[in-house]
Each structure stands twice: as C-alpha cells, then as structure tokens.
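Q: Pasting in a structure now, in structure tokens, and then I'll have a few things to ask.
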Amino acid sequence: MTSRELILGRLRAALGATPTTPEAVARSYRPAGGAVDLDVLVHRLTDYRATVHRCSDGEVAQVVDAVLGGRRVVVPPGLPRRWLPDSVEVLTDDNLPTAEIAAADGVVTAAAVAVAETGTVILDAGVDQGRRLVTLLPDVHICVLRTDQVVAGVPDALARLGPDRPLTWISGPSATSDIELNRVEGVHGPRHLHVVIVPA
Amino acid sequence: MRIALFVTCLADTMFPEAAKATVRLLERLGHEVVFPQDQTCCGQMHINTGYPDDALRLVRRHVRAFAPYDVVVAPSGSCVGSVRHQHAMVARGAGDERLASRAEEVARRTYELSELLVDVLGVTDVGAFYTHRVTYQPTCHSLRMIRVGDKPLRLLRQVRGLDLVELPQAEQCCGFGGTFAVKNADTSTAMLADKMRHVLSTRADVCTAGDASCLMHIGGGLSRLRVGVRTVHLAEILASTEPTGDPAERARTGGVTA
Amino acid sequence: MSEIFLGMPATAPRGVGNLRGDEPFPVAARRSLADAQLRRNLGHATATIRAKSAAVIDEVPDWQELREAGRAIKTDVMARLPELLAQLEVAVTAAGGTVHWAADAVEANRIVTDLVRATGSDRVMKVKSMATQEIGLNEALEAAGIEAVETDLAELIVQLGRDKPSHILVPAIHRNRAEIREIFLREMPGVDPALTDEPAILAAAARRHLRRTFLSTRVAVSGANFAVAETGTLAVVESEGNGRMCLTLPDTLITVMGIEKLVPTWADLEVFLQLLPRASTGERMNPYTSMWTGVTPGDGPQEFHLVLLDNGRSAVLADEVGRQALHCIRCSACLNVCPVYERTGGHAYGSVYPGPIGAVLSPQLTGVEDNASLPYASSLCGACFDACPVMIDIPSILVHLRAQHTAAYRSDHRLPSAEAVTMAAAAYTMDHRPLYEAAQRAARASRFVGRRGGGLPPPLSGWTIGRDLPQPPPQTFREWWAQR
Ligand code: SF4
C-alpha cells in the first residue's frame, strides 16, 4: 500500500458515515463589483508607507528621474520605454544573472491589478512586470499603475486574475511585525515602494 | 408574571443574599416568584471538568424541575449558559434525544436576570437606590456565551445614587473558570491579580457582576488584600431601595465582605 | 506507519517532531509566570496586536459574513477532503510539480531529506512553516548533514538564540528588542558591534545577514497557507520578503503542507485573503502574498515538490466535534486574546501549537493522553471563539477533550481517579435532594476550613493560594424560602 492510498483510506475511514454532501456556503459578504475609489487606494498605500505619485503617462519618466536619476535600473523586457528618463542606466532583464539584478539600485515595472480597499498592487509576471525576482532584489521598486487596473476589493482582484501565472501581491514596502509586534518597514524585499498612478 | 427561580447551587449554598435579592426585586416589580424545590445543580462543573456522564442525571433533574414553568430566571450568566449551550449536548452525547429536545425547550424559557428584566419584562429602571461607587465586571459567560451585552449596565445606570465607573479591560477573564482555578491555580491567580489591579484602579468601593462564582473569586482575592473593596451581586444592587431606617435592611450587604 | 490498523485514522507518532511537551502545562506555566520580563513582553505585544487587529476589523462592514463563509468553506473541505486532495494532486502534477504523500512526521522528514540530497545541496533555506516545525524537519535535516537556515526574522531570532518558538505567527514574541539585540550581537557573524535596539536597525542587520544565503542557496523549503484544489495553486502569505526569496530564487522548492490547508476553488481565496491578514497581523493586507501553480518556465524554481502531510490529521478528522480544529488558518488571533496565553506564553504548552488552538489541536494530533493537561489550560472564557476568523468553537472542543481524557483514564486504569470519585459522588448527592440539603448543612458546619483554605485537601487548596474562602452563610436560600 502506498502512503497515498494509506492516507486517503484513513481520511475516508475518518469521515465514515458522515454525509459528504457539500456544505452550502453562504456568501453574503460583499461581492465583487463595488465602486472604485482612487482616494481610498492612495490613502491605503501611503498608510503602509508606499509613496504615491499621480501624474499623466507622459510625466512618468520625470517621476522615475526624481527617484532613481543617475542610478542603475532593471526593467522587464516589455516595459514601455517612454517611462524611462535618459538619466537612468537601464538593464533590461532578458535573463540577467541574479547577482546583476541584486546589484541594481532600482526596478521599474507596470502592474496587473490593484486593490483599493487594501492598498495592494498585484503583479502577474506579464511582459511589462517581469520575472518575480526583478521586483524583489533591488531596494527601490517603482510600479506604474493605470487607473483602469484598480478594483475595489479582493474578490474583484481574484476575478481578474488566474492561476496560470505566478502572482505577487504587494502591500507597501517589505516589513516585519516580529519585533514586539510593531510594523517596521524594510527587511528583505524592496525598502522603498513608489506607486505611480496614471490615467487609463 | 409567574417566574420560576433557578437559584443555582452556589447561590443557594454560599450566596443566598443574591437569590433573596432576586426574589425581592421581582416581587417588588409585581411578579410572582416560585421556587421549584427539586432543583439542585445544573451540572456545569461536571460538564466542564470532563464528566458529562455524571452530569447527565443532573441535566435530567434540572429539566424535570423546570419543565412546568413558562419563565425561568437565574442570577447567573454562567449557569444559564450551561442550560442553553450544554444541556442538550450532554443529552445527545448520551443518545437521549427526547431529553435533548426537552432541555432545549427549558433553555428557551430560561433567562439570566438582566435579560429577564430588560428583554422580557421591558424595564431598565427597577426603582433601585444604592449610594456607592460601583464598577461592573461583565463576566465571560454573560458576555460571550449568552451575550447579555450592555443590559446590566443599562440597569445600573438607572439606579439612583449609584456612581458607575468603567472597569479597564473589563472583557478579560477574572481567572475563575471553575476547576481551572484549582487545576491551574498559578495562572488563575495571575489573572485574578490583574483583574484586582483594574478594579482597584477604578477607586470603586463595590465590584458587581451577574455571576456569584466570579464574584466569589474576585471577592476572595480582594478580601485577602484587605483593601476594603467588596463584591456585591447585581441582583442585590437592583433590589436595594431607599433605606427605611430598619437596621436589618441596612445590614443586608451580602457578597464576600472585606 | 501503523501495521495493525492499516487504513484507520492514526495519531502522530511519538519520538519525532514537536507536538509533545516534557512536562504538564501547570508545571511549565508556573515557571513562565515567575518570569517578569516574559510577562511584560507578552503583555505589551498581545495588547499591541489586539488593538491593531480590532481597528482593521472594524473597517470591514462584512466581517461576520466573511467569518461565516470561511467556516462554511472549511467545513465543506473537511467533508470532501479525500476527493479534494486527489483533485489537487492532479492539478499540481499537470502544472509541472511533483506530489508526495507523507503519512507521518518520519515519512515527511525522509521525503524532504531525500529530495534535498538528490539536488546535491548541503543547505536549505526555509520560510517559516508550522508544518515543518511540527515534524522536526530541521533536526532531521541536521542529522543528515544538511544545514537548515530559517529566514523569517522571528525564526532567525529563535534559531540564533537556540530558543524555542512561542507563538504561531511571531515565534520570538517572548523576546523584546533589547534581548534581540543581545542575541544578534552574540550570534550573528560579522554584525556591526554598534548595533542598537532600534527595530529598523535590527531588521536591517537581518537583511544583511541573510542576503548571501538567499543568493547562493539552491534549495528552499516552505509551508503553505492555502492550496487551491481546483487549480493546484499554492499561496504563501508573509511580510518580510524572505518568503518571496525562498519561493523564487532557488532551483528547487519543496513545500510541506498539512492536508487540511485546502480550499476548493480559486474564488474561495477571496474569503481567506480578507480574513487572514486582519486577524493575524492586524493589517488590511500583509506586505507580500505569493501564489504559484506548479512550475513557471523561466521564472522561479524549475523543480517543485509538494509534500502532503497527515501526521495525526486523519485522527482529528475522525472526531466529529474536534474536526473543526482543522479549519485553523494559523492566524494566531486566539493566542493574542487568550488571558492564559498572555500570562504563560507559548512554551508552557510544550507543542509547536500553543494557545487555545494548540490546546485543542495538539491533544487531538497526538491522542489526548499524550497532551492530557492541555484541554484544561483554559478558563473557558470564550475570547478565542469570538476572535477566530473561521469561527472554531474552541471552548466546546476543550470541554469535549476533557471528557475524552476522563474516559481514557477510566479505560486505562482499574481504579477511578480521586477526581472521578469526587465528581460521581457530587453528582449522586446533587441528584438526591435530602443528601444535597445535608451537604449544604455540612458545608456550614465545617469549622476546620479556615478562610485561607487550611484543611482543604489538594488540589482544592490550590484555589486559596491568593484568595480567601467565603464564610458559609448562616442560612441557605432554601432554608430561608421554607421559612417565608
Ligand atoms: S484557531 Fe482560529 S484564531 Fe486560532 S489561529 Fe486558528 S484560525 Fe486563528
């Protein structure tokens, strides 16, 4: 008998005569489709120490310049080049060695979805967001978000996303609550998160 | 209204003043109180200590004693909690479905004192008079098991002469927990110490609650400290009226006196 | 693996893992209660988290509805566990992962050790995981010559301090910043001697210390917060980014997961991703949540193993009352509101699962007799039930396990315990009115019991440690009533 058969057998025995009819799940919590309030998103992002910039698409390069001008910046291959000022040294990630990404000063990406209520930006590893590690190793992450990517709550976000891509949900810079249960920003992930919100 | 008193074994034996006060209060409000003589103990201690089989006979006795009555009141949130949430479970555990449904019937008609007053009788001003600085300990089973909410506070706020002060961290357990206080005496004592610290910080001279058991625990601790703060059951405060000059009346304090 | 009862639900084996303490709860608790520093650290930390959590829970108008949905989904999962596990296996395999089944801690440790050996690596980095602590994986790896590096800050503090975890979420909750600084100064190679106890400085020291490990270790071991049966997706919820490091940087990822961690569908995540952060760290959302399905070509580990762990869970499932302990999403809210945990800390519980959930889960995983004192480590105040985001009725399970314990004692011993004799006698007395009334008179007559309980036999004398016994009144209520 394999352990698989053993465990499944044990579980069936454990359930015994109890009916295995699925429990009806009452979903009376707020469903997807709530109104999006950008101000809520901005409030929640800043509350968790992300820096928020609101500007036109044409002004993104200026923001990147102000934050990372003169520094080395990793970008995913599909990132719109117009977001990058001349002042940054661009490293496009077409399978860059990990050490090189770790040595960069910052990373600029787009996003897939953002959740207003929780102040969360979600990356789905699309071509303008890149492999998961590019947004992890550099100390500064600038994430450019279009307003039509913002949803009200968690149910909306899951409805827009799928299991076919790896997902990274980001709510503020890396932090820990491990010292006396207070939130302290800045452990292993980027210590600085900039969210640039542009009109759709 | 005809109301059956579920006195609880603890109040019957150790804290009769709380039970007498319940009778006086309800009679003052114009109701008839009856005392089913066959009642003894609801079996909560047995159930909570892991002896549901022993508790079964007490559940059966309780149901038999109270089945004839339309309204039952107990001056204890904890015992009402046991009747409501444990009696039918014990009966079912023993395979006695008939007893379980009868227990559920009795439970539906059983109220803790503040519930009876506010929800059933619809009064918050019971005409009481009590000139003390009082803090209220909600007690876990009243608060979380039967959810009396702010009913006791609404009753206390209407008592003339009473200075009600909020108890810090009121929702924290006093550490009694029945046999917990015996089996985990050190932890129980640590919890009690914090509860007493909070009671003392209110500078109240009376700590009240709807459960004689928790009051016994807190009162026993305060007594040891000799700090001059007493525990008095909620029923006794609500039963108190303007003194008549009768010394026997004034001497009625009850609870554990320091 | 049990040869005798093949296929019957089995408890976790003895001699491996960290589910059993060395001493009964009251004995261990006495030591913790005497540690003033520990008491202050715990009091401060739990009060902080209670306030934070209450504030963010207040923000959501549908908290009770979410709790109810969470409870219902988990009830459904338990009722269909075999089928959902099989579904998960198919989905993970289809996405390029490999699924392993571990009947108990011994088998899980062997599977992981073999998988690490096969990679040729002698070091693994780990994301905080209750399941791997439960089975004692680090000890097993060490015995096989493989170094296991804990990367979660609190786990690192525990590991460097040669300490034991004392909280599900914040294993080093019993340490304050000054103590953490001491541990870092003593144990962290190359640490700046000018290190202060500023939390941000301490976090930065951990960042520097672990960077090289992250970049050079080729195998990681993680747990999982959720697994979606329908899609094969795994989710890890974390704060620091150490989880992301472990989940994306190595070549090989091994995830060890208790079989109860399932949710049926992708959409079900919407319930738990709202419940968990607010109940656990008191945040609207934790800083990082990673979700992955099998292997993604060109992104992250190219080899993924999922180890499904029973280790006593089937025995928990077999108990209709206790089964709901498997609903636990390890948020630790019940610990943070527990008046007992707040005073004794987690070590007193002996098992890796402390607090209220530990008091009901550990005895069920091991069989109640191996953790017989835990079901009594509660005043049944009910704060845990109210705090639990998936509405586990912990007080009822505690009472249920107490009955199991007394029943087990009865069947294991020829003579009943002194307590059982007392209880039976009390029930008999109270079921006979004349005897009850006689006992009431006796209580009053007993003059040998002083206010301080002198004369009371143990354990009853314990109650009078810090309290006075009330004086029996001159008249019982029923005597008064009879005279009216
Ligand atoms: S039992 Fe409930 S409150 Fe406790 S850790 Fe588990 S999910 Fe959280």
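Just remember, in the structure tokens the first chain shown is A, the second B, etc., residues are 1-based per chain, and ligands are 1-based in the order shown.
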Hey, what's within 8 Å of Pro472 in chain C if we count only C-alpha atoms and toss same-chain stuff fewer than 3 positions away? As a list in words, please?

A: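 Contacts, in chain order: Thr13 and Met14 of chain B; Ala443 and Arg444 of chain C.
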
Q: Write the selection just made, keeping N, CA, C and O atoms, as a short mmCIF file (atom, residue, chain, number, x, y, z; two decimals), in the first residue's frame?

A:
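Output file out.cif follows:
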data_model
loop_
_atom_site.label_atom_id
_atom_site.label_comp_id
_atom_site.auth_asym_id
_atom_site.auth_seq_id
_atom_site.Cartn_x
_atom_site.Cartn_y
_atom_site.Cartn_z
N THR B 13 -26.29 27.78 48.32
CA THR B 13 -25.48 27.34 49.45
C THR B 13 -24.62 28.45 50.05
O THR B 13 -24.55 28.62 51.26
N MET B 14 -23.97 29.21 49.17
CA MET B 14 -22.97 30.16 49.65
C MET B 14 -23.40 31.63 49.57
O MET B 14 -22.93 32.46 50.34
N ALA C 443 -21.53 21.90 54.93
CA ALA C 443 -20.61 22.96 54.50
C ALA C 443 -20.59 24.08 55.54
O ALA C 443 -19.54 24.63 55.87
N ARG C 444 -21.76 24.37 56.05
CA ARG C 444 -21.85 25.45 57.04
C ARG C 444 -21.18 25.03 58.34
O ARG C 444 -20.50 25.81 59.00
#

Q: Select all residues from chain B having any atom no more than 7 Å from an atom of chain C (counting only C-alpha atoms, ignoring ligands), output as a VMD selection string.

A: chain B and resid 12 to 14 16 19 to 20 38 40 to 41 46 48 to 52 54 to 55 57 to 58 61 140 to 141 144 172 to 173 175 to 177 180 to 187 189 220 to 221 223 to 224 256

Q: Could you give me, as a ChimeraX atom specification, the residues within 6 Å of range 2-16 of chain A, counting only C-alpha atoms and dropping anything in the same chain fewer than 2 positions from it?

A: /A:18 /C:7-9,82,101,103,314,317-318

Q: If you run DSSP on the backbone, which residues of chain A are strand (DSSP E or B), as a ChimeraX atom specification?

A: /A:51-54,72-75,89-92,106-110,113-115,120-123,140-146,150-151,167-170,175-176,184-185,192-198

Q: Need to verify the contact set: Asp299 in chain C, 8 Å, only C-alpha atoms, exclusion of same-chain residues closer than 2 positions in sequence. Can you return it as a list in words?

A: Arg131 and Arg132 of chain A; Thr248, Thr296, Pro297, Pro301 and Gln302 of chain C

Q: Need to verify the contact set: Thr119 in chain C, 12 Å, only C-alpha atoms, exclusion of same-chain residues closer than 3 positions in sequence. Can you return it as number ranges by chain?

A: C: 112-116, 122-124, 146, 217-220, 250-254, 303

Q: Write the selection just made, keeping C-alpha atoms, as a PDB file, in the first residue's frame?

A:
ATOM      1  CA  VAL C 112      12.350  16.022   2.196  1.00  0.00           C
ATOM      2  CA  THR C 113      15.805  14.781   3.169  1.00  0.00           C
ATOM      3  CA  ASP C 114      15.945  12.542   0.090  1.00  0.00           C
ATOM      4  CA  LEU C 115      14.785  15.358  -2.162  1.00  0.00           C
ATOM      5  CA  VAL C 116      17.457  17.716  -0.814  1.00  0.00           C
ATOM      6  CA  ASP C 122      24.002  20.569   1.855  1.00  0.00           C
ATOM      7  CA  ARG C 123      21.997  23.632   2.811  1.00  0.00           C
ATOM      8  CA  VAL C 124      18.362  24.639   2.534  1.00  0.00           C
ATOM      9  CA  ILE C 146      22.084  19.331   5.828  1.00  0.00           C
ATOM     10  CA  THR C 217      21.212  28.555  -1.697  1.00  0.00           C
ATOM     11  CA  ARG C 218      19.762  26.308  -4.373  1.00  0.00           C
ATOM     12  CA  VAL C 219      17.009  24.588  -2.391  1.00  0.00           C
ATOM     13  CA  ALA C 220      14.212  26.081  -0.308  1.00  0.00           C
ATOM     14  CA  PRO C 250      16.332  28.598  -5.714  1.00  0.00           C
ATOM     15  CA  ASP C 251      16.307  25.896  -8.374  1.00  0.00           C
ATOM     16  CA  THR C 252      14.247  23.554  -6.224  1.00  0.00           C
ATOM     17  CA  LEU C 253      11.287  24.339  -3.997  1.00  0.00           C
ATOM     18  CA  ILE C 254       9.874  21.808  -1.531  1.00  0.00           C
ATOM     19  CA  GLU C 303      11.610  21.882  -9.792  1.00  0.00           C
TER      20      GLU C 303
END
